[in-house]
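K.L.:
So here's work-v5.txt, just compact mmCIF, C-alpha atoms and all ligand atoms:
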# COMPACT_ATOMS: atom_id res chain seq x y z
CA MET A 1 -33.87 19.22 -23.48
CA ALA A 2 -30.26 19.37 -24.66
CA THR A 3 -27.47 19.16 -22.11
CA LEU A 4 -25.50 22.40 -21.89
CA LYS A 5 -21.83 21.91 -21.10
CA LEU A 6 -20.17 24.50 -18.87
CA LEU A 7 -16.52 24.70 -17.90
CA LEU A 8 -16.18 26.47 -14.54
CA LEU A 9 -12.83 28.14 -13.86
CA PRO A 10 -13.06 29.73 -10.38
CA GLY A 11 -9.39 30.85 -10.31
CA ASP A 12 -7.85 32.72 -7.37
CA GLY A 13 -8.77 35.03 -4.52
CA ILE A 14 -12.52 35.59 -4.25
CA GLY A 15 -13.02 33.66 -7.52
CA PRO A 16 -13.94 30.36 -5.83
CA GLU A 17 -16.22 32.13 -3.32
CA VAL A 18 -18.31 33.92 -5.93
CA MET A 19 -18.27 30.85 -8.21
CA ALA A 20 -19.81 28.84 -5.35
CA GLU A 21 -22.91 31.03 -5.70
CA VAL A 22 -23.13 30.31 -9.42
CA LYS A 23 -22.89 26.59 -8.63
CA ARG A 24 -25.76 27.02 -6.20
CA LEU A 25 -27.77 28.72 -8.94
CA ILE A 26 -26.95 26.02 -11.50
CA GLY A 27 -28.02 23.37 -8.98
CA TRP A 28 -31.29 25.21 -8.45
CA MET A 29 -31.97 25.49 -12.19
CA ASN A 30 -31.19 21.82 -12.77
CA LYS A 31 -33.45 20.81 -9.89
CA HIS A 32 -36.30 22.89 -11.24
CA GLY A 33 -35.88 21.34 -14.68
CA MET A 34 -35.30 24.78 -16.17
CA GLU A 35 -32.28 23.49 -18.07
CA ARG A 36 -29.85 20.62 -17.88
CA PHE A 37 -26.38 21.95 -17.17
CA GLU A 38 -23.40 19.67 -16.96
CA THR A 39 -20.38 21.25 -15.29
CA GLU A 40 -16.69 20.50 -15.26
CA GLU A 41 -14.07 22.44 -13.33
CA GLY A 42 -10.49 23.44 -14.05
CA LEU A 43 -7.61 25.45 -12.67
CA VAL A 44 -6.56 28.81 -14.02
CA GLY A 45 -4.23 31.54 -12.78
CA GLY A 46 -2.08 31.33 -9.67
CA CYS A 47 -3.66 28.12 -8.41
CA CYS A 48 -2.79 26.48 -11.73
CA TYR A 49 0.75 27.82 -11.52
CA ASP A 50 1.13 26.25 -8.07
CA ALA A 51 0.00 22.88 -9.42
CA HIS A 52 1.48 22.84 -12.93
CA LYS A 53 3.90 25.80 -13.26
CA VAL A 54 1.73 27.35 -16.00
CA ALA A 55 -1.28 29.69 -15.77
CA ILE A 56 -3.50 27.29 -17.71
CA THR A 57 -2.80 23.78 -19.02
CA ASP A 58 -3.34 22.46 -22.57
CA ASP A 59 -5.80 20.00 -21.10
CA THR A 60 -7.95 22.79 -19.64
CA MET A 61 -7.69 24.71 -22.93
CA ALA A 62 -9.06 21.63 -24.73
CA LYS A 63 -11.96 21.47 -22.26
CA ALA A 64 -12.62 25.18 -22.82
CA ARG A 65 -12.81 24.58 -26.59
CA ALA A 66 -15.21 21.68 -26.10
CA ALA A 67 -17.52 23.51 -23.67
CA ASP A 68 -20.64 25.40 -24.73
CA ALA A 69 -19.51 28.23 -22.46
CA VAL A 70 -16.72 28.98 -20.00
CA ILE A 71 -17.63 30.60 -16.68
CA PHE A 72 -14.60 32.36 -15.23
CA GLY A 73 -14.02 33.76 -11.72
CA ALA A 74 -10.87 35.85 -11.23
CA VAL A 75 -7.10 35.39 -11.28
CA GLY A 76 -4.02 36.81 -9.58
CA GLY A 77 -2.78 37.98 -6.22
CA PRO A 78 0.39 39.17 -4.49
CA LYS A 79 1.47 35.56 -3.89
CA TRP A 80 2.36 35.29 -7.59
CA ASP A 81 3.96 38.72 -8.05
CA SER A 82 7.35 37.23 -8.84
CA VAL A 83 6.47 34.25 -11.04
CA PRO A 84 7.90 34.34 -14.59
CA TYR A 85 6.02 36.81 -16.84
CA ASP A 86 4.73 34.11 -19.20
CA ALA A 87 3.31 32.10 -16.32
CA ARG A 88 1.75 35.01 -14.39
CA PRO A 89 -1.91 34.37 -13.46
CA GLU A 90 -3.26 36.87 -16.01
CA ALA A 91 -1.57 34.91 -18.81
CA GLY A 92 -4.18 32.16 -18.33
CA LEU A 93 -7.04 34.55 -18.97
CA LEU A 94 -5.27 36.17 -21.93
CA ARG A 95 -4.61 32.75 -23.50
CA LEU A 96 -8.29 31.83 -23.16
CA ARG A 97 -9.34 35.09 -24.84
CA LYS A 98 -6.79 34.80 -27.64
CA ASP A 99 -6.95 31.06 -28.38
CA LEU A 100 -10.75 30.96 -28.30
CA GLY A 101 -10.89 34.07 -30.52
CA LEU A 102 -13.09 36.00 -28.04
CA PHE A 103 -12.79 39.38 -29.74
CA ALA A 104 -16.01 40.99 -28.48
CA ASN A 105 -16.17 41.87 -24.80
CA ILE A 106 -19.58 43.14 -23.73
CA ARG A 107 -19.48 45.01 -20.42
CA PRO A 108 -22.90 46.40 -19.45
CA ALA A 109 -23.00 49.09 -16.77
CA ILE A 110 -26.45 49.12 -15.23
CA CYS A 111 -27.27 51.13 -12.14
CA TYR A 112 -29.94 49.33 -10.09
CA PRO A 113 -32.31 51.90 -8.51
CA ALA A 114 -31.48 50.57 -5.04
CA LEU A 115 -27.80 51.30 -5.58
CA ALA A 116 -27.83 54.84 -6.94
CA GLU A 117 -26.60 56.03 -3.53
CA SER A 118 -23.57 53.71 -3.57
CA SER A 119 -21.98 55.42 -6.55
CA SER A 120 -19.48 58.16 -5.83
CA LEU A 121 -21.43 60.28 -8.33
CA LYS A 122 -24.67 62.16 -7.67
CA ARG A 123 -27.88 60.13 -7.85
CA ASP A 124 -29.37 61.90 -10.88
CA VAL A 125 -26.17 61.28 -12.86
CA VAL A 126 -26.36 57.49 -12.47
CA ASP A 127 -29.93 56.56 -11.49
CA GLY A 128 -31.40 54.32 -14.20
CA LEU A 129 -28.14 54.17 -16.16
CA ASP A 130 -27.99 51.36 -18.73
CA ILE A 131 -25.03 51.46 -21.11
CA ILE A 132 -22.67 48.94 -22.69
CA ILE A 133 -18.94 49.23 -23.10
CA LEU A 134 -17.98 47.02 -26.01
CA ARG A 135 -14.27 46.34 -25.75
CA GLU A 136 -12.16 44.79 -28.51
CA LEU A 137 -10.45 41.91 -26.71
CA THR A 138 -7.97 40.01 -28.88
CA GLY A 139 -5.94 42.77 -30.51
CA GLY A 140 -4.23 46.06 -29.80
CA VAL A 141 -1.43 46.60 -27.36
CA TYR A 142 -2.34 43.52 -25.32
CA PHE A 143 -1.12 41.15 -28.02
CA GLY A 144 0.85 43.24 -30.55
CA GLU A 145 4.46 42.22 -31.35
CA PRO A 146 7.16 43.17 -30.60
CA LYS A 147 6.54 43.18 -26.88
CA THR A 148 9.97 43.28 -25.30
CA ILE A 149 12.36 44.75 -22.76
CA THR A 150 15.86 45.07 -24.22
CA ASP A 151 19.06 45.87 -22.35
CA LEU A 152 20.73 48.69 -24.26
CA GLY A 153 24.07 47.94 -22.57
CA ASN A 154 24.63 51.50 -21.35
CA GLY A 155 22.78 51.12 -18.08
CA GLN A 156 19.51 51.76 -19.90
CA LYS A 157 16.75 49.40 -20.90
CA ARG A 158 14.08 49.89 -23.55
CA ALA A 159 10.54 48.55 -23.20
CA ILE A 160 8.28 48.16 -26.23
CA ASP A 161 4.59 47.34 -26.48
CA THR A 162 2.98 47.42 -29.89
CA GLN A 163 -0.49 48.78 -30.63
CA VAL A 164 -1.67 47.15 -33.82
CA TYR A 165 -5.08 46.79 -35.54
CA ASP A 166 -6.04 45.37 -38.92
CA THR A 167 -9.14 46.45 -40.83
CA TYR A 168 -10.99 43.15 -40.26
CA GLU A 169 -10.57 43.41 -36.49
CA ILE A 170 -12.16 46.85 -36.43
CA GLU A 171 -14.88 45.83 -38.86
CA ARG A 172 -16.06 42.84 -36.85
CA ILE A 173 -16.14 44.66 -33.50
CA SER A 174 -18.00 47.58 -35.16
CA ARG A 175 -20.64 45.19 -36.47
CA VAL A 176 -21.18 43.78 -32.98
CA ALA A 177 -21.56 47.35 -31.67
CA PHE A 178 -24.13 48.38 -34.29
CA GLU A 179 -26.09 45.14 -33.89
CA LEU A 180 -26.22 45.59 -30.11
CA ALA A 181 -27.33 49.21 -30.52
CA ARG A 182 -30.16 48.23 -32.86
CA LYS A 183 -31.71 46.20 -30.04
CA ARG A 184 -31.30 49.10 -27.60
CA ARG A 185 -31.39 52.88 -28.06
CA ASN A 186 -29.76 52.73 -31.48
CA LYS A 187 -26.67 54.79 -30.75
CA VAL A 188 -22.96 53.92 -30.96
CA THR A 189 -20.11 56.09 -29.69
CA SER A 190 -16.68 55.06 -30.97
CA MET A 191 -13.67 56.07 -28.88
CA GLU A 192 -10.01 56.22 -29.98
CA LYS A 193 -7.19 58.75 -30.10
CA ARG A 194 -6.87 59.60 -33.78
CA ASN A 195 -5.15 62.84 -32.79
CA VAL A 196 -2.01 60.93 -31.71
CA MET A 197 -2.30 57.30 -32.81
CA LYS A 198 -2.29 55.73 -36.28
CA THR A 199 -4.45 52.92 -34.93
CA GLY A 200 -6.89 55.64 -33.89
CA VAL A 201 -6.95 57.05 -37.43
CA LEU A 202 -7.68 53.62 -38.91
CA TRP A 203 -10.19 52.77 -36.17
CA ASN A 204 -12.15 55.96 -36.87
CA GLU A 205 -12.06 55.40 -40.64
CA VAL A 206 -13.19 51.77 -40.52
CA VAL A 207 -16.02 52.34 -38.01
CA THR A 208 -17.25 55.20 -40.20
CA GLN A 209 -17.17 53.01 -43.33
CA VAL A 210 -18.97 50.05 -41.72
CA HIS A 211 -21.62 52.47 -40.51
CA ALA A 212 -22.10 54.06 -43.93
CA ARG A 213 -22.21 50.68 -45.70
CA GLU A 214 -24.32 48.56 -43.35
CA PHE A 215 -25.82 50.49 -40.43
CA LYS A 216 -27.01 53.90 -41.62
CA ASP A 217 -30.10 53.58 -39.39
CA VAL A 218 -27.93 53.68 -36.24
CA THR A 219 -26.66 57.00 -34.84
CA LEU A 220 -22.85 57.06 -34.80
CA GLU A 221 -20.71 59.48 -32.80
CA HIS A 222 -16.95 59.68 -32.34
CA GLN A 223 -15.16 60.87 -29.19
CA LEU A 224 -11.48 61.00 -28.37
CA ALA A 225 -10.95 58.40 -25.66
CA ASP A 226 -9.68 60.86 -23.04
CA ALA A 227 -12.63 63.19 -23.57
CA GLY A 228 -14.87 60.11 -23.58
CA GLY A 229 -13.58 59.18 -20.14
CA MET A 230 -14.49 62.66 -18.93
CA GLN A 231 -17.98 62.45 -20.50
CA LEU A 232 -18.48 59.07 -18.86
CA VAL A 233 -18.33 60.62 -15.41
CA ARG A 234 -19.90 63.95 -16.43
CA TRP A 235 -23.12 62.67 -18.01
CA PRO A 236 -23.02 58.90 -18.71
CA LYS A 237 -26.66 58.72 -19.82
CA GLN A 238 -25.67 60.33 -23.15
CA PHE A 239 -24.26 56.91 -24.16
CA ASP A 240 -25.88 53.71 -25.34
CA VAL A 241 -23.10 51.49 -26.76
CA ILE A 242 -19.47 52.61 -26.52
CA VAL A 243 -17.10 50.72 -28.82
CA THR A 244 -13.37 50.99 -28.19
CA ASP A 245 -10.07 49.13 -28.35
CA ASN A 246 -8.58 46.67 -25.89
CA LEU A 247 -6.64 49.06 -23.64
CA PHE A 248 -9.07 51.99 -23.66
CA GLY A 249 -11.86 49.47 -23.06
CA ASP A 250 -10.03 48.07 -20.04
CA MET A 251 -9.79 51.52 -18.47
CA LEU A 252 -13.17 52.92 -19.50
CA SER A 253 -15.00 49.82 -18.24
CA ASP A 254 -13.47 50.21 -14.79
CA VAL A 255 -14.65 53.83 -14.80
CA ALA A 256 -18.10 52.69 -15.91
CA ALA A 257 -18.15 50.14 -13.11
CA MET A 258 -18.06 52.85 -10.50
CA LEU A 259 -21.12 54.49 -12.08
CA THR A 260 -23.05 51.40 -11.03
CA GLY A 261 -22.02 51.65 -7.39
CA SER A 262 -19.25 49.07 -7.22
CA LEU A 263 -16.88 47.03 -9.34
CA GLY A 264 -18.62 44.08 -7.68
CA MET A 265 -21.70 44.75 -9.85
CA LEU A 266 -20.27 44.52 -13.36
CA PRO A 267 -20.62 41.30 -15.39
CA SER A 268 -19.13 40.63 -18.81
CA ALA A 269 -19.41 38.39 -21.83
CA SER A 270 -16.57 37.66 -24.23
CA LEU A 271 -17.75 36.28 -27.56
CA GLY A 272 -16.09 34.79 -30.61
CA GLU A 273 -17.29 34.74 -34.20
CA VAL A 274 -20.46 32.78 -35.01
CA ASP A 275 -19.50 29.49 -36.69
CA PRO A 276 -21.47 29.49 -39.98
CA LYS A 277 -21.95 25.69 -39.80
CA THR A 278 -23.02 25.16 -36.19
CA ARG A 279 -24.40 28.71 -35.61
CA LYS A 280 -22.57 28.50 -32.26
CA ARG A 281 -19.91 30.84 -30.94
CA LYS A 282 -17.19 30.36 -28.34
CA ALA A 283 -17.89 32.36 -25.21
CA LEU A 284 -16.49 33.15 -21.80
CA TYR A 285 -18.34 34.94 -19.00
CA GLU A 286 -16.55 36.71 -16.17
CA PRO A 287 -17.11 39.43 -13.60
CA VAL A 288 -15.09 42.58 -14.31
CA HIS A 289 -13.78 42.73 -10.73
CA GLY A 290 -10.52 41.01 -10.02
CA SER A 291 -9.51 38.46 -7.40
CA ALA A 292 -9.63 41.01 -4.51
CA PRO A 293 -6.91 39.28 -2.45
CA ASP A 294 -7.51 41.72 0.43
CA ILE A 295 -10.92 40.20 1.18
CA ALA A 296 -10.40 36.67 -0.18
CA GLY A 297 -11.41 33.95 2.23
CA THR A 298 -13.49 36.26 4.43
CA GLY A 299 -16.85 35.47 2.80
CA ALA A 300 -17.44 39.18 2.23
CA ALA A 301 -17.19 39.30 -1.57
CA ASN A 302 -20.13 40.51 -3.64
CA PRO A 303 -21.32 37.60 -5.85
CA ILE A 304 -23.63 39.77 -7.99
CA ALA A 305 -21.21 40.41 -10.89
CA MET A 306 -20.48 36.67 -11.06
CA ILE A 307 -24.17 35.71 -10.96
CA ALA A 308 -25.02 38.39 -13.53
CA SER A 309 -22.22 37.02 -15.73
CA PHE A 310 -23.92 33.62 -15.61
CA ALA A 311 -27.17 35.33 -16.60
CA MET A 312 -25.32 36.76 -19.61
CA ALA A 313 -24.29 33.20 -20.54
CA LEU A 314 -27.97 32.21 -20.54
CA ARG A 315 -28.77 35.20 -22.76
CA TYR A 316 -25.88 35.18 -25.23
CA SER A 317 -24.89 31.49 -25.44
CA PHE A 318 -28.13 29.62 -24.82
CA GLY A 319 -30.94 31.87 -26.04
CA LEU A 320 -32.49 31.77 -22.56
CA GLY A 321 -33.40 35.45 -22.39
CA ASN A 322 -36.40 34.89 -20.13
CA GLU A 323 -34.38 32.96 -17.56
CA ALA A 324 -31.67 35.66 -17.72
CA ASP A 325 -34.33 38.34 -17.12
CA LEU A 326 -35.58 36.37 -14.10
CA ILE A 327 -32.10 36.30 -12.59
CA ASP A 328 -31.62 40.03 -13.18
CA GLN A 329 -34.99 40.69 -11.53
CA ALA A 330 -34.05 38.45 -8.60
CA ILE A 331 -30.84 40.46 -8.11
CA ALA A 332 -32.79 43.73 -8.18
CA ALA A 333 -35.32 42.29 -5.70
CA ALA A 334 -32.63 41.16 -3.25
CA LEU A 335 -31.15 44.66 -3.39
CA ALA A 336 -34.59 46.25 -3.00
CA ARG A 337 -35.01 44.19 0.20
CA GLY A 338 -32.07 46.19 1.54
CA LEU A 339 -29.46 43.42 1.45
CA ARG A 340 -25.92 44.66 0.77
CA THR A 341 -22.44 43.20 0.71
CA ALA A 342 -19.75 45.43 2.23
CA ASP A 343 -18.72 47.02 -1.09
CA ILE A 344 -22.21 48.48 -1.67
CA LYS A 345 -23.25 49.05 1.93
CA SER A 346 -25.04 52.31 2.64
CA GLU A 347 -26.90 53.64 5.66
CA GLY A 348 -30.07 51.85 6.69
CA THR A 349 -29.30 48.64 4.76
CA THR A 350 -28.45 45.14 6.01
CA LEU A 351 -24.91 43.84 5.68
CA VAL A 352 -24.69 40.29 4.30
CA GLY A 353 -21.88 38.02 3.14
CA THR A 354 -21.31 36.20 -0.16
CA THR A 355 -23.38 33.13 0.74
CA GLN A 356 -26.32 35.07 2.17
CA MET A 357 -26.48 37.26 -0.92
CA GLY A 358 -26.41 34.16 -3.17
CA GLU A 359 -29.14 32.49 -1.12
CA ALA A 360 -31.26 35.65 -1.09
CA ILE A 361 -31.10 35.90 -4.89
CA ILE A 362 -32.24 32.29 -5.20
CA ALA A 363 -35.06 32.93 -2.70
CA GLU A 364 -36.24 35.81 -4.90
CA LEU A 365 -35.93 33.57 -7.94
CA GLU A 366 -38.18 30.99 -6.23
CA LYS A 367 -40.83 33.68 -5.78
CA LEU A 368 -40.52 34.98 -9.34
CA ALA A 369 -40.62 31.53 -10.88
CA ALA A 370 -43.68 30.44 -8.84
C1 LIG A 401 -9.97 42.94 -17.18
C2 LIG A 401 -8.70 42.76 -16.40
C3 LIG A 401 -7.68 42.01 -17.28
C4 LIG A 401 -7.36 42.89 -18.45
C5 LIG A 401 -6.40 41.56 -16.55
C6 LIG A 401 -6.71 40.67 -15.36
C7 LIG A 401 -5.46 40.86 -17.49
O1 LIG A 401 -8.22 43.97 -15.93
O2 LIG A 401 -10.53 41.93 -17.66
O3 LIG A 401 -10.43 44.07 -17.30
O4 LIG A 401 -6.50 43.78 -18.36
O5 LIG A 401 -7.98 42.70 -19.50
MG MG A 402 -9.54 45.60 -16.29
The structure given in the file should be rewritten as structure tokens.
P.N.:
Amino acid sequence: MATLKLLLLPGDGIGPEVMAEVKRLIGWMNKHGMERFETEEGLVGGCCYDAHKVAITDDTMAKARAADAVIFGAVGGPKWDSVPYDARPEAGLLRLRKDLGLFANIRPAICYPALAESSSLKRDVVDGLDIIILRELTGGVYFGEPKTITDLGNGQKRAIDTQVYDTYEIERISRVAFELARKRRNKVTSMEKRNVMKTGVLWNEVVTQVHAREFKDVTLEHQLADAGGMQLVRWPKQFDVIVTDNLFGDMLSDVAAMLTGSLGMLPSASLGEVDPKTRKRKALYEPVHGSAPDIAGTGAANPIAMIASFAMALRYSFGLGNEADLIDQAIAAALARGLRTADIKSEGTTLVGTTQMGEAIIAELEKLAA
């Protein structure tokens, strides 16, 4: 059995609390000889700023490059609101995404039957929902230059962000979308705003061409991103894979999160290109929720998105689909037993904290694995 090297970056706020449950799970898997994981830990975000005055160090970046996968918690909090822009906690995450070339961000939104009541939408709208938001992650307005605030000298300032996409960036994210769809319900919906944005015009054109050239067997639809947002809350089951740019993907995936009951439920995988020599790809796994400073340190955070992110690492980085399925089933079973963290609490269920939820998932895993 090969040793799989993980770099754990718990980060700030509830990050370390939810990461503790992943460590428990890794310990359990190692003990049961399921795999041999070797873990290292590093600082990222505000905690790294406090120690080193940067959001991530070169040393940690080198460890991230050497790891088979990076498991990331969350960054940020009001404590760091006034640190220099380049050293703000989020800069650590953005550097990881950019420097590791993690262009494909897979954000599944799955509504567990037990949680259909926790969504703010009606049960029949979300019950059984299983869609993927595929977000482009290393381009667009997040990284485009110029990105400046200039003093115009007349009491006015001018702020500029630049939305920019090249053909190859749209081609490679489209291919990931079509390949994902082929293993699911074979449908891709591309979202942009070609009615106002040049990047939207190019996005639409390139997705259409890749489809016609390489993926004719997959159904392709286009929606304007604003209308897509509306459709996402109107009837989300019309979608299978939604592919969209960095900023629209950021917003639409938060919307999708609420379809599942809580932001605390949504895992994600960020993948780089497959290296033709090693067949490996760089990858980072993180829950979509943030650092939730309001509940940090109270032991109330929902660890499910973090644990499900680890399951995605098993699936996408290590080819351990069966083990990933087991973890997903264990999560569903713990929920079916009526256990709920505060964010997904509904009437007639039992309130538990972060640790209890983590332990309950492992207890279900024990049963499933036996
Ligand atoms: C996300 C987050 C990040 C983003 C922040 C923390 C920089 O909102 O992963 O969705 O905007 O990409
Ligand atoms: Mg976001």
K.L.:
Please report the interatomic distance between atom CA of A:Asp127 and atom CA of A:Glu21 in Å with one decimal.
P.N.:
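These atoms are spaced 27.1 Å apart.
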K.L.:
Give the answer as one residue: which of A:Asp130, A:Asp12, A:Asp240, A:Asp59 has the shortest atom-to-atom distance to A:Ala181, using only C-alpha atoms?
P.N.:
A:Asp240
K.L.:
Compute the set of protein, DNA and RNA residues whose minimum atom distance to ligand MG 402 (chain A) is at most 9 Å, using all atoms listed in the file, and state it as a PyMOL selection string.
P.N.:
chain A and resi 247+249-254+288-290
K.L.:
Rounded to one decimal place, report the atom CA of A:Thr189-atom CA of A:Arg281 distance in Å.
P.N.:
25.3 Å
K.L.:
Find the residues near ligand LIG 401 (chain A). Use a cut-off of 10 Å, count all atoms listed in the file, and write them as a count of residues only.
P.N.:
34
K.L.:
Take atom CA of A:Gln223 and atom CA of A:Asp245 and report the distance between them in Å, one decimal.
P.N.:
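Straight-line distance from atom CA of A:Gln223 to atom CA of A:Asp245 works out to 12.8 Å.
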K.L.:
Considering only C-alpha atoms, can you say which of A:Ile327, A:Ala283, A:Met258, A:Ala300 comes closest to A:Arg340?
P.N.:
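The shortest atom-to-atom distance to A:Arg340 comes from A:Ala300.
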K.L.:
Restricting the calculation to all atoms listed in the file: of A:Arg337, A:Leu326, A:Lys367, A:Glu359, which residue gets closest to A:Ala114?
P.N.:
A:Arg337
